[in-house]
>>> print(open('structure_24.pdb').read())   # PDB, C-alpha atoms
ATOM      1  CA  MET J   1     101.080  94.546 134.785
ATOM      2  CA  ARG J   2     102.641  97.799 135.873
ATOM      3  CA  PRO J   3      99.995 100.455 136.718
ATOM      4  CA  SER J   4     101.622 102.840 134.225
ATOM      5  CA  VAL J   5     101.032 100.305 131.438
ATOM      6  CA  ARG J   6      97.379  99.894 132.302
ATOM      7  CA  GLN J   7      96.899 103.650 132.518
ATOM      8  CA  GLN J   8      98.421 104.329 129.095
ATOM      9  CA  PHE J   9      97.319 101.257 127.152
ATOM     10  CA  ILE J  10      94.164 102.731 125.634
ATOM     11  CA  ALA J  11      95.855 105.933 124.456
ATOM     12  CA  PHE J  12      98.788 103.924 123.084
ATOM     13  CA  SER J  13      96.536 101.528 121.169
ATOM     14  CA  LYS J  14      94.226 104.213 119.820
ATOM     15  CA  GLN J  15      97.007 105.702 117.702
ATOM     16  CA  PHE J  16      97.205 102.435 115.735
ATOM     17  CA  GLU J  17      93.625 101.173 115.842
ATOM     18  CA  GLY J  18      91.501 104.294 116.107
ATOM     19  CA  ARG J  19      88.451 104.226 118.368
ATOM     20  CA  MET J  20      85.140 103.202 116.840
ATOM     21  CA  PRO J  21      81.915 103.030 118.870
ATOM     22  CA  VAL J  22      80.135 101.193 116.043
ATOM     23  CA  MET J  23      80.684  97.817 114.403
ATOM     24  CA  TYR J  24      83.032  97.779 111.420
ATOM     25  CA  LEU J  25      85.065  95.354 109.336
ATOM     26  CA  ASP J  26      88.816  95.109 109.732
ATOM     27  CA  THR J  27      91.257  94.448 106.890
ATOM     28  CA  HIS J  28      91.709  90.715 107.432
ATOM     29  CA  THR J  29      90.912  88.293 104.624
ATOM     30  CA  PRO J  30      88.049  87.632 105.028
ATOM     31  CA  PRO J  31      87.172  90.779 107.027
ATOM     32  CA  LEU J  32      86.180  90.337 110.674
ATOM     33  CA  VAL J  33      83.612  92.350 112.604
ATOM     34  CA  THR J  34      85.328  94.682 115.067
ATOM     35  CA  VAL J  35      84.460  97.485 117.481
ATOM     36  CA  GLY J  36      86.173  99.812 119.942
ATOM     37  CA  VAL J  37      89.961  99.928 119.701
ATOM     38  CA  GLY J  38      90.552  96.944 117.436
ATOM     39  CA  ASN J  39      88.375  94.587 119.494
ATOM     40  CA  LEU J  40      87.246  91.601 117.435
ATOM     41  CA  ILE J  41      83.630  90.595 117.977
ATOM     42  CA  ASP J  42      83.690  87.799 115.458
ATOM     43  CA  PRO J  43      82.063  85.257 115.848
ATOM     44  CA  ILE J  44      78.726  86.827 116.633
ATOM     45  CA  GLU J  45      78.559  85.509 120.209
ATOM     46  CA  ALA J  46      81.150  88.107 121.246
ATOM     47  CA  ALA J  47      78.895  90.926 120.015
ATOM     48  CA  LEU J  48      75.860  89.579 121.846
ATOM     49  CA  GLU J  49      77.689  89.982 125.173
ATOM     50  CA  LEU J  50      78.111  93.743 124.726
ATOM     51  CA  PRO J  51      75.752  96.571 125.828
ATOM     52  CA  PHE J  52      75.023  98.102 122.429
ATOM     53  CA  GLN J  53      72.556 100.974 122.360
ATOM     54  CA  TRP J  54      70.490 102.640 119.661
ATOM     55  CA  LYS J  55      72.142 105.786 118.316
ATOM     56  CA  ASN J  56      69.034 107.890 117.851
ATOM     57  CA  ALA J  57      66.875 106.752 120.748
ATOM     58  CA  THR J  58      65.807 109.385 123.278
ATOM     59  CA  PRO J  59      66.206 108.442 126.026
ATOM     60  CA  PRO J  60      68.966 105.931 125.145
ATOM     61  CA  ARG J  61      67.590 102.437 124.612
ATOM     62  CA  PRO J  62      69.625  99.228 124.942
ATOM     63  CA  ALA J  63      69.575  96.994 121.885
ATOM     64  CA  THR J  64      68.113  93.525 122.258
ATOM     65  CA  PRO J  65      70.129  90.428 121.354
ATOM     66  CA  SER J  66      68.139  90.006 118.156
ATOM     67  CA  GLU J  67      68.794  93.626 117.186
ATOM     68  CA  ILE J  68      72.513  93.230 117.851
ATOM     69  CA  ALA J  69      72.568  90.042 115.803
ATOM     70  CA  ALA J  70      70.799  91.785 112.913
ATOM     71  CA  GLU J  71      73.313  94.653 112.939
ATOM     72  CA  TRP J  72      76.276  92.246 113.141
ATOM     73  CA  THR J  73      74.949  90.193 110.226
ATOM     74  CA  HIS J  74      74.439  93.337 108.175
ATOM     75  CA  ILE J  75      77.987  94.587 108.830
ATOM     76  CA  LYS J  76      79.456  91.151 108.098
ATOM     77  CA  SER J  77      77.838  91.290 104.655
ATOM     78  CA  LEU J  78      79.541  94.574 103.726
ATOM     79  CA  SER J  79      82.984  93.163 102.884
ATOM     80  CA  SER J  80      83.294  95.571  99.938
ATOM     81  CA  LEU J  81      83.588  98.422 102.459
ATOM     82  CA  SER J  82      86.442  96.941 104.504
ATOM     83  CA  ASN J  83      89.071  99.187 102.932
ATOM     84  CA  HIS J  84      87.004 102.386 102.969
ATOM     85  CA  ALA J  85      87.549 105.298 105.333
ATOM     86  CA  SER J  86      86.387 104.551 108.859
ATOM     87  CA  SER J  87      83.707 107.235 108.626
ATOM     88  CA  ILE J  88      81.697 104.989 106.289
ATOM     89  CA  TRP J  89      80.674 102.756 109.193
ATOM     90  CA  ASN J  90      78.778 105.530 110.951
ATOM     91  CA  THR J  91      76.493 105.756 107.930
ATOM     92  CA  VAL J  92      75.586 102.045 107.824
ATOM     93  CA  THR J  93      75.121 101.312 111.543
ATOM     94  CA  GLN J  94      72.342 102.022 114.007
ATOM     95  CA  LEU J  95      73.918 100.761 117.234
ATOM     96  CA  PHE J  96      76.880 101.953 119.291
ATOM     97  CA  LEU J  97      78.856 101.371 122.472
ATOM     98  CA  ASP J  98      79.356 104.271 124.860
ATOM     99  CA  ASP J  99      82.817 105.238 126.094
ATOM    100  CA  GLN J 100      82.550 103.286 129.338
ATOM    101  CA  ALA J 101      81.524 100.133 127.507
ATOM    102  CA  ILE J 102      84.485 100.492 125.126
ATOM    103  CA  ASP J 103      86.920 101.010 127.996
ATOM    104  CA  ASN J 104      85.483  98.015 129.846
ATOM    105  CA  LEU J 105      85.861  95.880 126.720
ATOM    106  CA  ILE J 106      89.484  96.939 126.244
ATOM    107  CA  TYR J 107      90.479  96.310 129.850
ATOM    108  CA  SER J 108      88.682  92.981 129.887
ATOM    109  CA  ARG J 109      90.637  91.792 126.862
ATOM    110  CA  LEU J 110      93.878  93.233 128.256
ATOM    111  CA  ASP J 111      93.399  91.252 131.463
ATOM    112  CA  GLU J 112      92.618  88.108 129.457
ATOM    113  CA  ASP J 113      95.761  88.627 127.365
ATOM    114  CA  GLU J 114      97.875  89.027 130.489
ATOM    115  CA  ALA J 115      96.464  85.833 132.008
ATOM    116  CA  ILE J 116      97.402  83.911 128.857
ATOM    117  CA  LEU J 117     100.879  85.430 128.679
ATOM    118  CA  LEU J 118     101.670  84.623 132.310
ATOM    119  CA  LYS J 119     101.028  80.936 131.632
ATOM    120  CA  ARG J 120     103.581  80.878 128.826
ATOM    121  CA  TRP J 121     107.191  80.026 129.649
ATOM    122  CA  PRO J 122     108.841  83.058 127.967
ATOM    123  CA  TYR J 123     106.707  85.406 130.076
ATOM    124  CA  MET J 124     106.863  83.762 133.502
ATOM    125  CA  THR J 125     108.836  86.749 134.850
ATOM    126  CA  PHE J 126     106.651  89.254 132.988
ATOM    127  CA  ALA J 127     105.508  90.952 136.217
ATOM    128  CA  THR J 128     109.079  92.102 136.949
ATOM    129  CA  TRP J 129     109.792  93.508 133.487
ATOM    130  CA  PRO J 130     110.185  97.235 132.843
ATOM    131  CA  ALA J 131     106.892  98.874 131.927
ATOM    132  CA  ASP J 132     108.073  99.586 128.381
ATOM    133  CA  ALA J 133     108.731  95.883 127.745
ATOM    134  CA  GLN J 134     105.343  94.918 129.140
ATOM    135  CA  LEU J 135     103.595  97.372 126.839
ATOM    136  CA  GLY J 136     105.622  96.087 123.888
ATOM    137  CA  VAL J 137     104.414  92.526 124.452
ATOM    138  CA  PHE J 138     100.833  93.657 125.003
ATOM    139  CA  SER J 139     101.058  95.597 121.737
ATOM    140  CA  MET J 140     102.200  92.523 119.836
ATOM    141  CA  GLY J 141      99.492  90.436 121.475
ATOM    142  CA  TRP J 142      96.845  93.012 120.617
ATOM    143  CA  ALA J 143      97.785  92.754 116.945
ATOM    144  CA  MET J 144      98.318  88.971 116.737
ATOM    145  CA  GLY J 145      96.677  87.466 119.807
ATOM    146  CA  PRO J 146      98.513  86.653 123.071
ATOM    147  CA  SER J 147      99.468  83.164 121.885
ATOM    148  CA  PHE J 148     101.639  84.481 119.047
ATOM    149  CA  GLN J 149     104.763  82.435 118.310
ATOM    150  CA  PHE J 150     108.018  84.340 117.683
ATOM    151  CA  PRO J 151     110.732  81.862 118.776
ATOM    152  CA  LEU J 152     113.744  84.195 118.580
ATOM    153  CA  PHE J 153     111.822  86.975 120.275
ATOM    154  CA  GLU J 154     110.704  84.614 123.000
ATOM    155  CA  GLN J 155     114.240  83.331 123.584
ATOM    156  CA  ALA J 156     115.385  86.906 124.086
ATOM    157  CA  CYS J 157     112.516  87.570 126.496
ATOM    158  CA  ILE J 158     113.445  84.553 128.618
ATOM    159  CA  LYS J 159     116.858  86.164 129.136
ATOM    160  CA  GLN J 160     115.344  89.660 129.402
ATOM    161  CA  ASP J 161     117.611  90.610 126.524
ATOM    162  CA  PHE J 162     115.345  93.378 125.341
ATOM    163  CA  SER J 163     117.777  94.789 122.775
ATOM    164  CA  THR J 164     117.549  91.492 120.896
ATOM    165  CA  ALA J 165     113.817  91.332 121.550
ATOM    166  CA  ALA J 166     113.501  94.717 119.848
ATOM    167  CA  THR J 167     115.101  93.431 116.647
ATOM    168  CA  GLN J 168     113.014  90.234 116.733
ATOM    169  CA  SER J 169     109.663  91.909 117.438
ATOM    170  CA  HIS J 170     108.918  92.903 113.835
ATOM    171  CA  MET J 171     105.497  91.778 112.623
ATOM    172  CA  ALA J 172     105.192  91.227 108.871
ATOM    173  CA  ASP J 173     103.620  94.362 107.430
ATOM    174  CA  ALA J 174     103.939  93.823 103.679
ATOM    175  CA  HIS J 175     100.212  93.141 103.388
ATOM    176  CA  ASN J 176      99.163  95.250 106.364
ATOM    177  CA  PRO J 177     100.821  98.682 106.278
ATOM    178  CA  GLY J 178      98.932  99.567 109.440
ATOM    179  CA  LEU J 179     101.462  97.439 111.335
ATOM    180  CA  THR J 180     104.393  99.634 110.282
ATOM    181  CA  PRO J 181     103.919 102.354 112.926
ATOM    182  CA  ARG J 182     103.147  99.730 115.565
ATOM    183  CA  ASN J 183     106.384  97.904 114.718
ATOM    184  CA  LYS J 184     108.332 101.138 115.158
ATOM    185  CA  ALA J 185     106.700 101.795 118.502
ATOM    186  CA  ASN J 186     107.310  98.235 119.703
ATOM    187  CA  TYR J 187     110.970  98.447 118.734
ATOM    188  CA  GLN J 188     111.365 101.626 120.770
ATOM    189  CA  LEU J 189     109.532 100.134 123.740
ATOM    190  CA  PHE J 190     111.926  97.190 123.929
ATOM    191  CA  MET J 191     114.972  99.396 123.415
ATOM    192  CA  ASN J 192     113.753 101.596 126.267
ATOM    193  CA  ALA J 193     113.349  98.514 128.443
ATOM    194  CA  ALA J 194     116.924  97.497 127.661
ATOM    195  CA  GLN J 195     118.126 100.895 128.835
ATOM    196  CA  VAL J 196     116.138 100.605 132.055
ATOM    197  CA  LEU J 197     117.824  97.285 132.846
ATOM    198  CA  LYS J 198     121.254  98.716 132.008
ATOM    199  CA  ASN J 199     120.642 101.705 134.260
ATOM    200  CA  THR J 200     123.431 102.048 136.816
ATOM    201  CA  SER J 201     122.636 105.457 138.243
ATOM    202  CA  GLY J 202     119.294 104.386 139.636
ATOM    203  CA  ASN J 203     117.398 107.187 137.933
ATOM    204  CA  LEU J 204     115.289 104.886 135.737
ATOM    205  CA  SER J 205     112.451 102.935 137.322
ATOM    206  CA  PRO J 206     110.929  99.748 135.869
ATOM    207  CA  GLU J 207     107.573 101.029 137.143
ATOM    208  CA  THR J 208     107.667 104.048 134.816
ATOM    209  CA  LEU J 209     106.517 103.895 131.209
ATOM    210  CA  TYR J 210     109.040 106.053 129.344
ATOM    211  CA  TYR J 211     107.570 105.713 125.831
ATOM    212  CA  PRO J 212     107.218 107.851 123.705
ATOM    213  CA  ARG J 213     110.411 109.253 125.217
ATOM    214  CA  ILE J 214     113.544 107.658 123.717
ATOM    215  CA  LEU J 215     116.052 106.588 126.339
TER
END
>>> encode(input="structure_24.pdb", output="structure tokens")
Amino acid sequence: MRPSVRQQFIAFSKQFEGRMPVMYLDTHTPPLVTVGVGNLIDPIEAALELPFQWKNATPPRPATPSEIAAEWTHIKSLSSLSNHASSIWNTVTQLFLDDQAIDNLIYSRLDEDEAILLKRWPYMTFATWPADAQLGVFSMGWAMGPSFQFPLFEQACIKQDFSTAATQSHMADAHNPGLTPRNKANYQLFMNAAQVLKNTSGNLSPETLYYPRIL
């Protein structure tokens, strides 16, 4: 991926997912245990791999696997809270991830997503795409998983027709209004990428992430 995409990915994603150091339930049906910037840790094995700590321990004390499992099981049982304000989760949790652990988790998943995308035919030339287009695909993969299937979108990506990709990138948001702002951002990312490829004056670089600027 372009360095500019990696550098801006966390800030870009935070505006849609928030940033939670504690376990919480997302809005899926049924709700899934999540942490960080929309990082699923469901099933429980994913949580057990993370360096959770006790909130109120002085000095900080790492949580044991059994303690992490107990917290995860408790959060999983609170499905009635899945649509409450995010602040509710701070009141029902005892463990947290520090900022470095959250960043490490995000970059680890981002690298995994890229590895999956690069094995898929529509994204074989992904490394050469403008930064805005790369971020647009990562954004879609973050919301749906990197194996998402959007045939018309993928056909456009094979041709690097990013104007068409923009119109075909819409994720259904009727039952998830949180996707609405992400859809708008993704559309603009692909439209920016189209402008970068159309650039004839040489003043637009595929290495540069232009979003949130509109080209």
>>> resolve_selection(input="structure_24.pdb", expression="the PyMOL selection byres ((chain J and resi 214) around 10)", output="ChimeraX atom specification")
/J:188-189,191-192,195,210-213,215
>>> resolve_selection(input="structure_24.pdb", expression="the PyMOL selection byres ((chain J and resi 178) around 12)", output="PDB file with C-alpha atoms, keeping the file's coordinate frame")
ATOM      1  CA  GLN J  15      97.007 105.702 117.702  1.00  0.00           C
ATOM      2  CA  PHE J  16      97.205 102.435 115.735  1.00  0.00           C
ATOM      3  CA  GLU J  17      93.625 101.173 115.842  1.00  0.00           C
ATOM      4  CA  GLY J  18      91.501 104.294 116.107  1.00  0.00           C
ATOM      5  CA  ASP J  26      88.816  95.109 109.732  1.00  0.00           C
ATOM      6  CA  THR J  27      91.257  94.448 106.890  1.00  0.00           C
ATOM      7  CA  HIS J  28      91.709  90.715 107.432  1.00  0.00           C
ATOM      8  CA  GLY J  38      90.552  96.944 117.436  1.00  0.00           C
ATOM      9  CA  ASN J  83      89.071  99.187 102.932  1.00  0.00           C
ATOM     10  CA  ALA J 143      97.785  92.754 116.945  1.00  0.00           C
ATOM     11  CA  MET J 171     105.497  91.778 112.623  1.00  0.00           C
ATOM     12  CA  ALA J 172     105.192  91.227 108.871  1.00  0.00           C
ATOM     13  CA  ASP J 173     103.620  94.362 107.430  1.00  0.00           C
ATOM     14  CA  ALA J 174     103.939  93.823 103.679  1.00  0.00           C
ATOM     15  CA  HIS J 175     100.212  93.141 103.388  1.00  0.00           C
ATOM     16  CA  ASN J 176      99.163  95.250 106.364  1.00  0.00           C
ATOM     17  CA  PRO J 177     100.821  98.682 106.278  1.00  0.00           C
ATOM     18  CA  LEU J 179     101.462  97.439 111.335  1.00  0.00           C
ATOM     19  CA  THR J 180     104.393  99.634 110.282  1.00  0.00           C
ATOM     20  CA  PRO J 181     103.919 102.354 112.926  1.00  0.00           C
ATOM     21  CA  ARG J 182     103.147  99.730 115.565  1.00  0.00           C
ATOM     22  CA  ASN J 183     106.384  97.904 114.718  1.00  0.00           C
ATOM     23  CA  LYS J 184     108.332 101.138 115.158  1.00  0.00           C
TER      24      LYS J 184
END
>>> closest_residue(input="structure_24.pdb", among="J:Leu197, J:Ala47, J:Met140, J:Cys157", to="J:Ser66", atoms="all atoms listed in the file")
J:Ala47
>>> residues_around(input="structure_24.pdb", residues="J:Phe9", least_positions_apart="5", cutoff="10 Å", atoms="all atoms listed in the file", output="list in words")
Pro3, Ser4, Lys14, Ile106, Tyr107, Leu110, Leu135, Phe138 and Ser139 of chain J
>>> write_last_selection(input="structure_24.pdb", atoms="C-alpha atoms", output="CSV table (one decimal), keeping the file's coordinate frame")
chain,number,residue,atom,x,y,z
J,3,PRO,CA,100.0,100.5,136.7
J,4,SER,CA,101.6,102.8,134.2
J,14,LYS,CA,94.2,104.2,119.8
J,106,ILE,CA,89.5,96.9,126.2
J,107,TYR,CA,90.5,96.3,129.8
J,110,LEU,CA,93.9,93.2,128.3
J,135,LEU,CA,103.6,97.4,126.8
J,138,PHE,CA,100.8,93.7,125.0
J,139,SER,CA,101.1,95.6,121.7
>>> residues_around(input="structure_24.pdb", residues="J:Pro21", least_positions_apart="2", cutoff="10 Å", atoms="all atoms listed in the file", output="PyMOL selection string")
chain J and resi 19+23-24+34-37+52+89-90+95-99+101-102
>>> axis_aligned_box(input="structure_24.pdb", around="stretch 139-149 of chain J", padding_each_side="3 Å", output="JSON")
{"center_x": 100.7, "center_y": 89.0, "center_z": 119.9, "size_x": 14.1, "size_y": 19.2, "size_z": 12.3}
>>> atom_distance(input="structure_24.pdb", atom1="atom CA of J:Asp161", atom2="atom CA of J:Ala115")
22.4 Å
>>> residues_around(input="structure_24.pdb", residues="J:Leu78", least_positions_apart="4", cutoff="9 Å", atoms="only C-alpha atoms", output="count of residues only")
3
>>> atom_distance(input="structure_24.pdb", atom1="atom CA of J:Ala185", atom2="atom CA of J:Ala11")
13.0 Å
>>> resolve_selection(input="structure_24.pdb", expression="the PyMOL selection byres ((chain J and resi 146) around 8)", output="JSON, numbers by chain")
{"J": [113, 114, 116, 117, 138, 140, 141, 142, 144, 145, 147, 148]}
>>> residues_near_point(input="structure_24.pdb", point="(74.0, 90.8, 124.2)", cutoff="12 Å", atoms="all atoms listed in the file", output="PyMOL selection string")
chain J and resi 41+44-53+62-72+97
>>> closest_residue(input="structure_24.pdb", among="J:Arg120, J:Lys76, J:Lys55, J:Arg109", to="J:Arg6", atoms="all atoms listed in the file")
J:Arg109
>>> atom_distance(input="structure_24.pdb", atom1="atom CA of J:Gln94", atom2="atom CA of J:Pro30")
23.1 Å
>>> closest_residue(input="structure_24.pdb", among="J:Val22, J:Ile10, J:Ala193, J:Glu154", to="J:Ile88", atoms="all atoms listed in the file")
J:Val22
>>> closest_residue(input="structure_24.pdb", among="J:Asn186, J:Met20, J:Thr73, J:Val5", to="J:Ser87", atoms="only C-alpha atoms")
J:Met20
>>> closest_residue(input="structure_24.pdb", among="J:Pro130, J:Gly136, J:Pro122, J:Pro43", to="J:Gln149", atoms="only C-alpha atoms")
J:Pro122
>>> residues_around(input="structure_24.pdb", residues="J:Ala127", least_positions_apart="3", cutoff="9 Å", atoms="only C-alpha atoms", output="PyMOL selection string")
chain J and resi 1-2+118+123-124+130+134
